[in-house]
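For reference, start-v9.cif is printed below; it contains mmCIF, N, CA and C atoms.
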```cif
data_upload
#
loop_
_atom_site.label_atom_id
_atom_site.label_comp_id
_atom_site.auth_asym_id
_atom_site.auth_seq_id
_atom_site.Cartn_x
_atom_site.Cartn_y
_atom_site.Cartn_z
N MET A 1 0.84 -1.17 0.00
CA MET A 1 0.00 0.00 0.00
C MET A 1 0.89 1.24 0.00
N LYS A 2 0.66 2.09 -0.95
CA LYS A 2 1.44 3.31 -1.11
C LYS A 2 0.72 4.47 -0.43
N THR A 3 1.36 5.11 0.53
CA THR A 3 0.72 6.20 1.26
C THR A 3 1.16 7.56 0.73
N LYS A 4 0.27 8.53 0.85
CA LYS A 4 0.56 9.89 0.40
C LYS A 4 1.67 10.52 1.21
N GLY A 5 1.70 10.25 2.50
CA GLY A 5 2.71 10.85 3.36
C GLY A 5 4.12 10.44 2.98
N ILE A 6 4.33 9.16 2.78
CA ILE A 6 5.66 8.67 2.41
C ILE A 6 6.03 9.18 1.02
N ALA A 7 5.09 9.17 0.11
CA ALA A 7 5.37 9.65 -1.25
C ALA A 7 5.70 11.14 -1.25
N ALA A 8 4.94 11.92 -0.47
CA ALA A 8 5.18 13.37 -0.44
C ALA A 8 6.53 13.69 0.20
N TRP A 9 6.85 13.03 1.32
CA TRP A 9 8.13 13.30 1.98
C TRP A 9 9.31 12.80 1.16
N SER A 10 9.15 11.67 0.47
CA SER A 10 10.25 11.21 -0.38
C SER A 10 10.43 12.14 -1.58
N ALA A 11 9.33 12.71 -2.08
CA ALA A 11 9.46 13.69 -3.17
C ALA A 11 10.14 14.95 -2.69
N LEU A 12 9.83 15.38 -1.48
CA LEU A 12 10.43 16.60 -0.95
C LEU A 12 11.92 16.40 -0.66
N LEU A 13 12.26 15.31 0.00
CA LEU A 13 13.64 15.10 0.42
C LEU A 13 14.54 14.55 -0.68
N PHE A 14 14.01 13.67 -1.49
CA PHE A 14 14.83 13.01 -2.51
C PHE A 14 14.22 13.08 -3.90
N GLY A 15 13.31 14.03 -4.12
CA GLY A 15 12.64 14.16 -5.41
C GLY A 15 13.56 14.55 -6.53
N SER A 16 14.63 15.27 -6.21
CA SER A 16 15.57 15.65 -7.27
C SER A 16 16.34 14.44 -7.79
N LEU A 17 16.36 13.37 -7.02
CA LEU A 17 17.00 12.13 -7.48
C LEU A 17 15.98 11.12 -8.01
N GLY A 18 14.71 11.39 -7.85
CA GLY A 18 13.67 10.54 -8.40
C GLY A 18 13.25 9.38 -7.51
N LEU A 19 13.62 9.40 -6.24
CA LEU A 19 13.29 8.26 -5.38
C LEU A 19 11.80 8.13 -5.11
N HIS A 20 11.05 9.21 -5.24
CA HIS A 20 9.60 9.11 -5.10
C HIS A 20 9.01 8.26 -6.22
N ARG A 21 9.61 8.32 -7.39
CA ARG A 21 9.12 7.49 -8.50
C ARG A 21 9.47 6.02 -8.27
N ALA A 22 10.61 5.77 -7.65
CA ALA A 22 10.96 4.38 -7.31
C ALA A 22 9.97 3.83 -6.30
N TYR A 23 9.55 4.65 -5.35
CA TYR A 23 8.57 4.21 -4.36
C TYR A 23 7.22 3.93 -5.00
N LEU A 24 6.80 4.78 -5.91
CA LEU A 24 5.46 4.64 -6.49
C LEU A 24 5.39 3.65 -7.64
N TYR A 25 6.41 3.63 -8.50
CA TYR A 25 6.31 2.85 -9.74
C TYR A 25 7.36 1.75 -9.87
N GLY A 26 8.31 1.70 -8.98
CA GLY A 26 9.35 0.67 -9.04
C GLY A 26 10.54 1.11 -9.87
N LEU A 27 11.55 0.28 -9.89
CA LEU A 27 12.80 0.61 -10.57
C LEU A 27 12.72 0.54 -12.09
N ARG A 28 11.65 0.00 -12.63
CA ARG A 28 11.50 -0.09 -14.08
C ARG A 28 10.91 1.17 -14.70
N ASP A 29 10.58 2.15 -13.88
CA ASP A 29 10.02 3.40 -14.37
C ASP A 29 11.08 4.15 -15.18
N ARG A 30 10.74 4.52 -16.40
CA ARG A 30 11.71 5.19 -17.26
C ARG A 30 12.06 6.58 -16.78
N TRP A 31 11.10 7.32 -16.25
CA TRP A 31 11.36 8.68 -15.79
C TRP A 31 12.26 8.71 -14.56
N LEU A 32 12.24 7.64 -13.79
CA LEU A 32 13.09 7.56 -12.60
C LEU A 32 14.56 7.76 -12.96
N TRP A 33 15.00 7.23 -14.06
CA TRP A 33 16.41 7.26 -14.43
C TRP A 33 16.81 8.58 -15.09
N PHE A 34 15.86 9.47 -15.33
CA PHE A 34 16.18 10.80 -15.85
C PHE A 34 16.57 11.76 -14.72
N TYR A 35 15.96 11.62 -13.57
CA TYR A 35 16.11 12.58 -12.48
C TYR A 35 17.53 12.78 -11.98
N PRO A 36 18.35 11.75 -11.78
CA PRO A 36 19.67 12.00 -11.17
C PRO A 36 20.61 12.82 -12.02
N TRP A 37 20.51 12.79 -13.33
CA TRP A 37 21.50 13.44 -14.18
C TRP A 37 21.51 14.96 -14.06
N PRO A 38 20.37 15.65 -14.16
CA PRO A 38 20.44 17.10 -13.96
C PRO A 38 20.85 17.48 -12.54
N THR A 39 20.45 16.66 -11.57
CA THR A 39 20.83 16.94 -10.19
C THR A 39 22.33 16.79 -10.01
N LEU A 40 22.91 15.75 -10.56
CA LEU A 40 24.36 15.57 -10.46
C LEU A 40 25.11 16.66 -11.21
N PHE A 41 24.58 17.09 -12.34
CA PHE A 41 25.17 18.22 -13.07
C PHE A 41 25.17 19.47 -12.19
N GLY A 42 24.08 19.72 -11.48
CA GLY A 42 24.00 20.86 -10.59
C GLY A 42 24.93 20.74 -9.40
N LEU A 43 25.08 19.53 -8.87
CA LEU A 43 26.01 19.34 -7.74
C LEU A 43 27.46 19.54 -8.17
N VAL A 44 27.80 19.09 -9.38
CA VAL A 44 29.16 19.35 -9.90
C VAL A 44 29.36 20.85 -10.08
N ALA A 45 28.35 21.54 -10.56
CA ALA A 45 28.44 22.99 -10.72
C ALA A 45 28.61 23.68 -9.37
N LEU A 46 27.94 23.17 -8.35
CA LEU A 46 28.08 23.74 -7.02
C LEU A 46 29.51 23.57 -6.49
N ARG A 47 30.07 22.39 -6.70
CA ARG A 47 31.46 22.16 -6.28
C ARG A 47 32.42 23.06 -7.05
N ARG A 48 32.19 23.22 -8.33
CA ARG A 48 33.06 24.10 -9.13
C ARG A 48 32.87 25.55 -8.73
N PHE A 49 31.66 25.95 -8.35
CA PHE A 49 31.42 27.30 -7.88
C PHE A 49 32.23 27.58 -6.61
N GLU A 50 32.28 26.58 -5.73
CA GLU A 50 33.06 26.74 -4.51
C GLU A 50 34.56 26.77 -4.80
N ALA A 51 35.01 25.98 -5.76
CA ALA A 51 36.44 25.87 -6.04
C ALA A 51 36.95 26.97 -6.96
N VAL A 52 36.24 27.24 -8.05
CA VAL A 52 36.71 28.18 -9.07
C VAL A 52 36.18 29.58 -8.83
N GLY A 53 34.91 29.68 -8.45
CA GLY A 53 34.30 30.99 -8.25
C GLY A 53 33.12 31.19 -9.16
N PRO A 54 32.50 32.35 -9.08
CA PRO A 54 31.26 32.58 -9.84
C PRO A 54 31.47 32.80 -11.34
N ASP A 55 32.70 32.93 -11.81
CA ASP A 55 32.92 33.16 -13.24
C ASP A 55 32.99 31.87 -14.04
N ASP A 56 32.77 30.75 -13.42
CA ASP A 56 32.83 29.46 -14.10
C ASP A 56 31.54 29.22 -14.88
N ALA A 57 31.69 28.73 -16.12
CA ALA A 57 30.52 28.47 -16.96
C ALA A 57 29.67 27.33 -16.42
N TRP A 58 30.29 26.31 -15.81
CA TRP A 58 29.53 25.22 -15.21
C TRP A 58 28.61 25.75 -14.12
N ALA A 59 29.14 26.66 -13.31
CA ALA A 59 28.32 27.21 -12.23
C ALA A 59 27.20 28.07 -12.79
N THR A 60 27.49 28.80 -13.86
CA THR A 60 26.48 29.67 -14.45
C THR A 60 25.28 28.88 -14.93
N TRP A 61 25.51 27.73 -15.53
CA TRP A 61 24.41 26.93 -16.07
C TRP A 61 23.93 25.85 -15.11
N GLY A 62 24.82 25.33 -14.29
CA GLY A 62 24.47 24.19 -13.45
C GLY A 62 23.71 24.53 -12.19
N LEU A 63 24.03 25.66 -11.56
CA LEU A 63 23.33 25.99 -10.31
C LEU A 63 21.84 26.26 -10.51
N PRO A 64 21.43 26.96 -11.57
CA PRO A 64 19.98 27.07 -11.79
C PRO A 64 19.31 25.72 -12.07
N VAL A 65 20.02 24.82 -12.72
CA VAL A 65 19.46 23.48 -12.96
C VAL A 65 19.24 22.76 -11.64
N LEU A 66 20.21 22.86 -10.73
CA LEU A 66 20.06 22.25 -9.41
C LEU A 66 18.89 22.87 -8.67
N GLY A 67 18.76 24.19 -8.74
CA GLY A 67 17.63 24.85 -8.10
C GLY A 67 16.29 24.41 -8.66
N LEU A 68 16.22 24.24 -9.97
CA LEU A 68 14.97 23.77 -10.59
C LEU A 68 14.65 22.34 -10.20
N MET A 69 15.66 21.49 -10.08
CA MET A 69 15.41 20.11 -9.66
C MET A 69 14.93 20.05 -8.21
N LEU A 70 15.49 20.89 -7.34
CA LEU A 70 15.01 20.94 -5.96
C LEU A 70 13.59 21.51 -5.90
N ALA A 71 13.30 22.49 -6.73
CA ALA A 71 11.96 23.07 -6.77
C ALA A 71 10.93 22.06 -7.27
N GLN A 72 11.29 21.26 -8.26
CA GLN A 72 10.32 20.26 -8.74
C GLN A 72 10.04 19.22 -7.68
N GLY A 73 11.00 18.91 -6.83
CA GLY A 73 10.75 18.01 -5.71
C GLY A 73 9.73 18.59 -4.75
N GLY A 74 9.86 19.89 -4.46
CA GLY A 74 8.88 20.54 -3.59
C GLY A 74 7.51 20.60 -4.23
N LEU A 75 7.45 20.89 -5.52
CA LEU A 75 6.16 20.93 -6.22
C LEU A 75 5.51 19.55 -6.26
N THR A 76 6.30 18.53 -6.49
CA THR A 76 5.75 17.18 -6.51
C THR A 76 5.21 16.79 -5.15
N ALA A 77 5.91 17.19 -4.08
CA ALA A 77 5.41 16.92 -2.73
C ALA A 77 4.08 17.61 -2.49
N ILE A 78 3.94 18.84 -2.97
CA ILE A 78 2.68 19.57 -2.82
C ILE A 78 1.56 18.87 -3.59
N VAL A 79 1.85 18.46 -4.81
CA VAL A 79 0.83 17.78 -5.62
C VAL A 79 0.40 16.46 -4.97
N PHE A 80 1.37 15.69 -4.49
CA PHE A 80 1.02 14.42 -3.83
C PHE A 80 0.18 14.68 -2.58
N ALA A 81 0.58 15.66 -1.79
CA ALA A 81 -0.11 15.92 -0.53
C ALA A 81 -1.52 16.42 -0.73
N LEU A 82 -1.76 17.19 -1.79
CA LEU A 82 -3.08 17.77 -2.00
C LEU A 82 -3.99 16.92 -2.86
N THR A 83 -3.51 15.77 -3.33
CA THR A 83 -4.36 14.85 -4.08
C THR A 83 -5.39 14.24 -3.12
N SER A 84 -6.62 14.17 -3.55
CA SER A 84 -7.66 13.61 -2.68
C SER A 84 -7.38 12.14 -2.41
N ASP A 85 -7.85 11.65 -1.26
CA ASP A 85 -7.61 10.25 -0.90
C ASP A 85 -8.24 9.29 -1.90
N GLU A 86 -9.41 9.63 -2.41
CA GLU A 86 -10.07 8.75 -3.37
C GLU A 86 -9.26 8.64 -4.66
N ARG A 87 -8.80 9.77 -5.15
CA ARG A 87 -8.01 9.76 -6.38
C ARG A 87 -6.67 9.06 -6.17
N TRP A 88 -6.05 9.29 -5.02
CA TRP A 88 -4.78 8.65 -4.72
C TRP A 88 -4.93 7.12 -4.71
N ASN A 89 -5.97 6.64 -4.03
CA ASN A 89 -6.16 5.19 -3.94
C ASN A 89 -6.58 4.59 -5.27
N ALA A 90 -7.33 5.32 -6.07
CA ALA A 90 -7.70 4.81 -7.39
C ALA A 90 -6.46 4.65 -8.27
N ARG A 91 -5.49 5.52 -8.09
CA ARG A 91 -4.30 5.47 -8.93
C ARG A 91 -3.22 4.55 -8.39
N HIS A 92 -2.96 4.60 -7.08
CA HIS A 92 -1.82 3.89 -6.52
C HIS A 92 -2.19 2.68 -5.66
N ASN A 93 -3.42 2.59 -5.21
CA ASN A 93 -3.86 1.45 -4.39
C ASN A 93 -5.21 0.94 -4.88
N PRO A 94 -5.30 0.48 -6.12
CA PRO A 94 -6.62 0.06 -6.62
C PRO A 94 -7.15 -1.15 -5.86
N GLY A 95 -8.42 -1.06 -5.48
CA GLY A 95 -9.08 -2.17 -4.81
C GLY A 95 -8.75 -2.31 -3.35
N GLN A 96 -8.07 -1.35 -2.76
CA GLN A 96 -7.73 -1.44 -1.34
C GLN A 96 -8.42 -0.34 -0.57
N ALA A 97 -8.54 -0.54 0.73
CA ALA A 97 -9.17 0.48 1.57
C ALA A 97 -8.25 1.68 1.69
N ALA A 98 -8.86 2.84 1.83
CA ALA A 98 -8.10 4.08 1.91
C ALA A 98 -7.42 4.22 3.27
N PRO A 99 -6.09 4.38 3.29
CA PRO A 99 -5.44 4.63 4.57
C PRO A 99 -5.70 6.07 5.01
N ASP A 100 -5.75 6.28 6.30
CA ASP A 100 -5.99 7.63 6.82
C ASP A 100 -4.69 8.41 6.72
N ALA A 101 -4.71 9.51 5.99
CA ALA A 101 -3.48 10.24 5.68
C ALA A 101 -2.93 11.01 6.87
N ARG A 102 -3.75 11.55 7.70
CA ARG A 102 -3.35 12.34 8.87
C ARG A 102 -2.54 13.57 8.50
N TRP A 103 -1.51 13.87 9.28
CA TRP A 103 -0.77 15.12 9.16
C TRP A 103 0.46 15.04 8.27
N ALA A 104 0.97 13.88 7.97
CA ALA A 104 2.22 13.77 7.20
C ALA A 104 2.13 14.47 5.84
N PRO A 105 1.07 14.26 5.06
CA PRO A 105 1.01 14.97 3.77
C PRO A 105 0.85 16.48 3.93
N ILE A 106 0.14 16.92 4.95
CA ILE A 106 -0.05 18.35 5.15
C ILE A 106 1.27 19.03 5.49
N LEU A 107 2.02 18.42 6.39
CA LEU A 107 3.32 18.98 6.74
C LEU A 107 4.29 18.93 5.57
N ALA A 108 4.19 17.90 4.74
CA ALA A 108 5.04 17.81 3.54
C ALA A 108 4.67 18.91 2.54
N ALA A 109 3.38 19.22 2.44
CA ALA A 109 2.97 20.31 1.53
C ALA A 109 3.50 21.65 2.02
N ILE A 110 3.45 21.88 3.32
CA ILE A 110 3.97 23.14 3.88
C ILE A 110 5.47 23.24 3.66
N ALA A 111 6.19 22.17 3.97
CA ALA A 111 7.64 22.16 3.78
C ALA A 111 8.00 22.25 2.30
N GLY A 112 7.20 21.62 1.44
CA GLY A 112 7.45 21.69 0.01
C GLY A 112 7.27 23.09 -0.53
N LEU A 113 6.28 23.80 -0.02
CA LEU A 113 6.08 25.19 -0.44
C LEU A 113 7.24 26.06 0.01
N LEU A 114 7.70 25.85 1.22
CA LEU A 114 8.80 26.65 1.75
C LEU A 114 10.11 26.36 1.00
N CYS A 115 10.48 25.10 0.94
CA CYS A 115 11.77 24.73 0.32
C CYS A 115 11.74 24.89 -1.20
N GLY A 116 10.64 24.46 -1.82
CA GLY A 116 10.54 24.58 -3.27
C GLY A 116 10.51 26.02 -3.73
N GLY A 117 9.78 26.86 -3.00
CA GLY A 117 9.73 28.27 -3.36
C GLY A 117 11.08 28.95 -3.20
N ALA A 118 11.78 28.62 -2.11
CA ALA A 118 13.10 29.23 -1.88
C ALA A 118 14.10 28.80 -2.95
N SER A 119 14.10 27.53 -3.30
CA SER A 119 15.06 27.07 -4.32
C SER A 119 14.70 27.60 -5.70
N LEU A 120 13.42 27.70 -6.02
CA LEU A 120 13.02 28.26 -7.32
C LEU A 120 13.40 29.73 -7.43
N MET A 121 13.12 30.50 -6.40
CA MET A 121 13.48 31.92 -6.43
C MET A 121 14.99 32.10 -6.47
N SER A 122 15.74 31.27 -5.77
CA SER A 122 17.20 31.36 -5.81
C SER A 122 17.73 31.05 -7.20
N ALA A 123 17.16 30.04 -7.84
CA ALA A 123 17.59 29.69 -9.20
C ALA A 123 17.29 30.81 -10.18
N ILE A 124 16.12 31.41 -10.06
CA ILE A 124 15.75 32.51 -10.96
C ILE A 124 16.66 33.71 -10.75
N VAL A 125 16.90 34.05 -9.49
CA VAL A 125 17.74 35.22 -9.20
C VAL A 125 19.17 34.99 -9.66
N PHE A 126 19.73 33.82 -9.39
CA PHE A 126 21.10 33.54 -9.81
C PHE A 126 21.22 33.56 -11.33
N ALA A 127 20.27 32.93 -12.02
CA ALA A 127 20.33 32.90 -13.48
C ALA A 127 20.18 34.29 -14.08
N ALA A 128 19.27 35.09 -13.53
CA ALA A 128 19.08 36.45 -14.05
C ALA A 128 20.31 37.32 -13.78
N GLN A 129 20.89 37.18 -12.60
CA GLN A 129 22.09 37.95 -12.29
C GLN A 129 23.23 37.60 -13.23
N ARG A 130 23.46 36.31 -13.44
CA ARG A 130 24.55 35.90 -14.33
C ARG A 130 24.26 36.31 -15.76
N TYR A 131 23.01 36.26 -16.19
CA TYR A 131 22.67 36.67 -17.54
C TYR A 131 23.00 38.14 -17.75
N PHE A 132 22.60 38.98 -16.84
CA PHE A 132 22.84 40.41 -17.01
C PHE A 132 24.32 40.76 -16.84
N GLU A 133 25.02 40.02 -15.97
CA GLU A 133 26.45 40.27 -15.85
C GLU A 133 27.17 39.91 -17.13
N LEU A 134 26.81 38.79 -17.73
CA LEU A 134 27.47 38.36 -18.95
C LEU A 134 27.05 39.20 -20.17
N SER A 135 25.79 39.61 -20.21
CA SER A 135 25.36 40.38 -21.38
C SER A 135 25.81 41.83 -21.35
N LEU A 136 26.00 42.37 -20.17
CA LEU A 136 26.44 43.75 -20.06
C LEU A 136 27.96 43.88 -19.98
N GLY A 137 28.64 42.76 -19.96
CA GLY A 137 30.10 42.77 -19.97
C GLY A 137 30.72 43.10 -18.63
N LYS A 138 30.00 42.92 -17.57
CA LYS A 138 30.49 43.09 -16.20
C LYS A 138 31.18 44.42 -16.09
#
```
Would you mind giving the structure from this file in structure tokens?
Amino acid sequence: MKTKGIAAWSALLFGSLGLHRAYLYGLRDRWLWFYPWPTLFGLVALRRFEAVGPDDAWATWGLPVLGLMLAQGGLTAIVFALTSDERWNARHNPGQAAPDARWAPILAAIAGLLCGGASLMSAIVFAAQRYFELSLGK
């Protein structure tokens, strides 16, 4: 039985790596294997940003990608948490009784809004700043 709380928290904490898809659909899910690559690209960019500095091209392109991957994890957690119990069970637990969701999905939605919004805004601000610095010639 797949619960909304576990799915929402796994999407929030490990959604950028796709572990929520492994929980819901198993390791044969094709989309699951797409998630780690942009996240790893962003983590490499973060390490290069720390080592080389903000003038590195990897950091310029990779850090917004990492921010977007973290934001999609937060958004996915919100979507999972706000899905009605009937729709959730029809999709992920067909023919089984509905488990009582309680507070776990609600808290995951709140945390997803906080963390996802912060990472999305950070990615937008960093990308816009680098764009204008590079286009105006610093």
What residues in chain A get the DSSP label alpha helix (DSSP H)? Please answer as a PyMOL selection string.
chain A and resi 4-14+19-25+36-51+57-82+85-92+104-135
Residues selected by the PyMOL selection byres (((chain A and resi 83 and name CA) around 12) and name CA), written as number ranges by chain:
A: 3-5, 7-8, 76-82, 84-92, 101, 105-106, 109
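From atom C of Trp103 in chain A back to atom N of Gly67 in chain A, the distance works out to 26.6 Å.
When the PyMOL selection byres ((chain A and resi 112-120) around 6) is run on the displayed coordinates, the residues it returns are Leu12, Gly67, Leu68, Leu70, Ala71, Gly74, Leu75, Ala77, Ile78, Leu107, Ala108, Ala109, Ile110, Ala111, Met121, Ser122, Ala123, Ile124 and Val125 of chain A.
Of the residues under consideration (A:Tyr35, A:Gly53, A:Leu19, A:Leu13), A:Tyr35 shows the shortest atom-to-atom contact distance to Val65 in chain A when counting only C-alpha atoms.
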Nearest candidate to Pro36 in chain A (options A:Gly137, A:Pro94, A:Gly15, A:Gly62; using only C-alpha atoms):
A:Gly15
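Look at Phe41 in chain A: the protein and nucleic acid residues within 8 Å of it, using all atoms listed in the file and passing over chain neighbours fewer than 2 places away, are Pro36, Trp37, Pro38, Thr39, Leu43, Val44, Ala45, Leu46, Arg47, Trp58, Trp61, Gly62, Leu63, Val65 and Leu66 of chain A.
In this structure, CA of Met69 in chain A sits 22.1 Å away from CA of Asp55 in chain A.
Between atom N of Ala51 in chain A and CA of Leu17 in chain A lies a distance of 22.8 Å.
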All file atoms of range 67-85 of chain A boxed axis-aligned, 5 Å per side, centre plus edges, as lines of an AutoDock Vina configuration file:
```
center_x = 5.3
center_y = 17.1
center_z = -5.6
size_x = 37.0
size_y = 25.6
size_z = 20.1
```
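Take the candidates A:Ala22, A:Val52, A:Ala128, A:Ala104 and check each one against Phe34 in chain A using only C-alpha atoms; the shortest distance goes to A:Ala22.
Look at everything within 7 Å of (26.1, 32.1, -14.9) using only N, CA and C atoms, and the residues you get are Pro54, Asp55, Asp56, Ala57, Trp58, Ala59, Thr60, Trp61, Gly62, Phe126, Ala127, Gln129, Arg130 and Tyr131 of chain A.
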Saved selection, atoms kept: N, CA and C atoms, as a PDB file, in the coordinates of the input:
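Below you can see part39.pdb, which holds the result:
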```pdb
ATOM      1  N   PRO A  54      32.500  32.350  -9.080  1.00  0.00           N
ATOM      2  CA  PRO A  54      31.260  32.580  -9.840  1.00  0.00           C
ATOM      3  C   PRO A  54      31.470  32.800 -11.340  1.00  0.00           C
ATOM      4  N   ASP A  55      32.700  32.930 -11.810  1.00  0.00           N
ATOM      5  CA  ASP A  55      32.920  33.160 -13.240  1.00  0.00           C
ATOM      6  C   ASP A  55      32.990  31.870 -14.040  1.00  0.00           C
ATOM      7  N   ASP A  56      32.770  30.750 -13.420  1.00  0.00           N
ATOM      8  CA  ASP A  56      32.830  29.460 -14.100  1.00  0.00           C
ATOM      9  C   ASP A  56      31.540  29.220 -14.880  1.00  0.00           C
ATOM     10  N   ALA A  57      31.690  28.730 -16.120  1.00  0.00           N
ATOM     11  CA  ALA A  57      30.520  28.470 -16.960  1.00  0.00           C
ATOM     12  C   ALA A  57      29.670  27.330 -16.420  1.00  0.00           C
ATOM     13  N   TRP A  58      30.290  26.310 -15.810  1.00  0.00           N
ATOM     14  CA  TRP A  58      29.530  25.220 -15.210  1.00  0.00           C
ATOM     15  C   TRP A  58      28.610  25.750 -14.120  1.00  0.00           C
ATOM     16  N   ALA A  59      29.140  26.660 -13.310  1.00  0.00           N
ATOM     17  CA  ALA A  59      28.320  27.210 -12.230  1.00  0.00           C
ATOM     18  C   ALA A  59      27.200  28.070 -12.790  1.00  0.00           C
ATOM     19  N   THR A  60      27.490  28.800 -13.860  1.00  0.00           N
ATOM     20  CA  THR A  60      26.480  29.670 -14.450  1.00  0.00           C
ATOM     21  C   THR A  60      25.280  28.880 -14.930  1.00  0.00           C
ATOM     22  N   TRP A  61      25.510  27.730 -15.530  1.00  0.00           N
ATOM     23  CA  TRP A  61      24.410  26.930 -16.070  1.00  0.00           C
ATOM     24  C   TRP A  61      23.930  25.850 -15.110  1.00  0.00           C
ATOM     25  N   GLY A  62      24.820  25.330 -14.290  1.00  0.00           N
ATOM     26  CA  GLY A  62      24.470  24.190 -13.450  1.00  0.00           C
ATOM     27  C   GLY A  62      23.710  24.530 -12.190  1.00  0.00           C
ATOM     28  N   PHE A 126      19.730  33.820  -9.390  1.00  0.00           N
ATOM     29  CA  PHE A 126      21.100  33.540  -9.810  1.00  0.00           C
ATOM     30  C   PHE A 126      21.220  33.560 -11.330  1.00  0.00           C
ATOM     31  N   ALA A 127      20.270  32.930 -12.020  1.00  0.00           N
ATOM     32  CA  ALA A 127      20.330  32.900 -13.480  1.00  0.00           C
ATOM     33  C   ALA A 127      20.180  34.290 -14.080  1.00  0.00           C
ATOM     34  N   GLN A 129      20.890  37.180 -12.600  1.00  0.00           N
ATOM     35  CA  GLN A 129      22.090  37.950 -12.290  1.00  0.00           C
ATOM     36  C   GLN A 129      23.230  37.600 -13.230  1.00  0.00           C
ATOM     37  N   ARG A 130      23.460  36.310 -13.440  1.00  0.00           N
ATOM     38  CA  ARG A 130      24.550  35.900 -14.330  1.00  0.00           C
ATOM     39  C   ARG A 130      24.260  36.310 -15.760  1.00  0.00           C
ATOM     40  N   TYR A 131      23.010  36.260 -16.190  1.00  0.00           N
ATOM     41  CA  TYR A 131      22.670  36.670 -17.540  1.00  0.00           C
ATOM     42  C   TYR A 131      23.000  38.140 -17.750  1.00  0.00           C
TER      43      TYR A 131
END
```
Rebuild range 38-43 of chain A to all heavy atoms - output it as an mmCIF file, keeping the file's coordinate frame, please.
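Resulting contents of part-v2.cif:
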```cif
data_model
loop_
_atom_site.group_PDB
_atom_site.id
_atom_site.type_symbol
_atom_site.label_atom_id
_atom_site.label_comp_id
_atom_site.auth_asym_id
_atom_site.auth_seq_id
_atom_site.Cartn_x
_atom_site.Cartn_y
_atom_site.Cartn_z
ATOM 1 N N PRO A 38 20.370 15.650 -14.160
ATOM 2 C CA PRO A 38 20.440 17.100 -13.960
ATOM 3 C C PRO A 38 20.850 17.480 -12.540
ATOM 4 O O PRO A 38 21.547 18.478 -12.331
ATOM 5 C CB PRO A 38 19.019 17.587 -14.247
ATOM 6 C CG PRO A 38 18.320 16.471 -14.886
ATOM 7 C CD PRO A 38 19.046 15.222 -14.582
ATOM 8 N N THR A 39 20.450 16.660 -11.570
ATOM 9 C CA THR A 39 20.830 16.940 -10.190
ATOM 10 C C THR A 39 22.330 16.790 -10.010
ATOM 11 O O THR A 39 22.979 17.642 -9.370
ATOM 12 C CB THR A 39 20.085 15.995 -9.231
ATOM 13 O OG1 THR A 39 18.679 16.139 -9.454
ATOM 14 C CG2 THR A 39 20.401 16.306 -7.789
ATOM 15 N N LEU A 40 22.910 15.750 -10.560
ATOM 16 C CA LEU A 40 24.360 15.570 -10.460
ATOM 17 C C LEU A 40 25.110 16.660 -11.210
ATOM 18 O O LEU A 40 26.162 17.131 -10.752
ATOM 19 C CB LEU A 40 24.756 14.186 -10.974
ATOM 20 C CG LEU A 40 24.279 13.019 -10.110
ATOM 21 C CD1 LEU A 40 24.620 11.700 -10.770
ATOM 22 C CD2 LEU A 40 24.866 13.105 -8.723
ATOM 23 N N PHE A 41 24.580 17.090 -12.340
ATOM 24 C CA PHE A 41 25.170 18.220 -13.070
ATOM 25 C C PHE A 41 25.170 19.470 -12.190
ATOM 26 O O PHE A 41 26.167 20.208 -12.120
ATOM 27 C CB PHE A 41 24.386 18.467 -14.362
ATOM 28 C CG PHE A 41 24.808 19.685 -15.120
ATOM 29 C CD1 PHE A 41 26.078 19.802 -15.655
ATOM 30 C CD2 PHE A 41 23.925 20.737 -15.293
ATOM 31 C CE1 PHE A 41 26.459 20.932 -16.364
ATOM 32 C CE2 PHE A 41 24.289 21.868 -15.996
ATOM 33 C CZ PHE A 41 25.571 21.965 -16.524
ATOM 34 N N GLY A 42 24.080 19.720 -11.480
ATOM 35 C CA GLY A 42 24.000 20.860 -10.590
ATOM 36 C C GLY A 42 24.930 20.740 -9.400
ATOM 37 O O GLY A 42 25.517 21.733 -8.954
ATOM 38 N N LEU A 43 25.080 19.530 -8.870
ATOM 39 C CA LEU A 43 26.010 19.340 -7.740
ATOM 40 C C LEU A 43 27.460 19.540 -8.170
ATOM 41 O O LEU A 43 28.261 20.100 -7.415
ATOM 42 C CB LEU A 43 25.796 17.963 -7.127
ATOM 43 C CG LEU A 43 24.484 17.788 -6.361
ATOM 44 C CD1 LEU A 43 24.311 16.341 -5.940
ATOM 45 C CD2 LEU A 43 24.429 18.719 -5.165
#
```
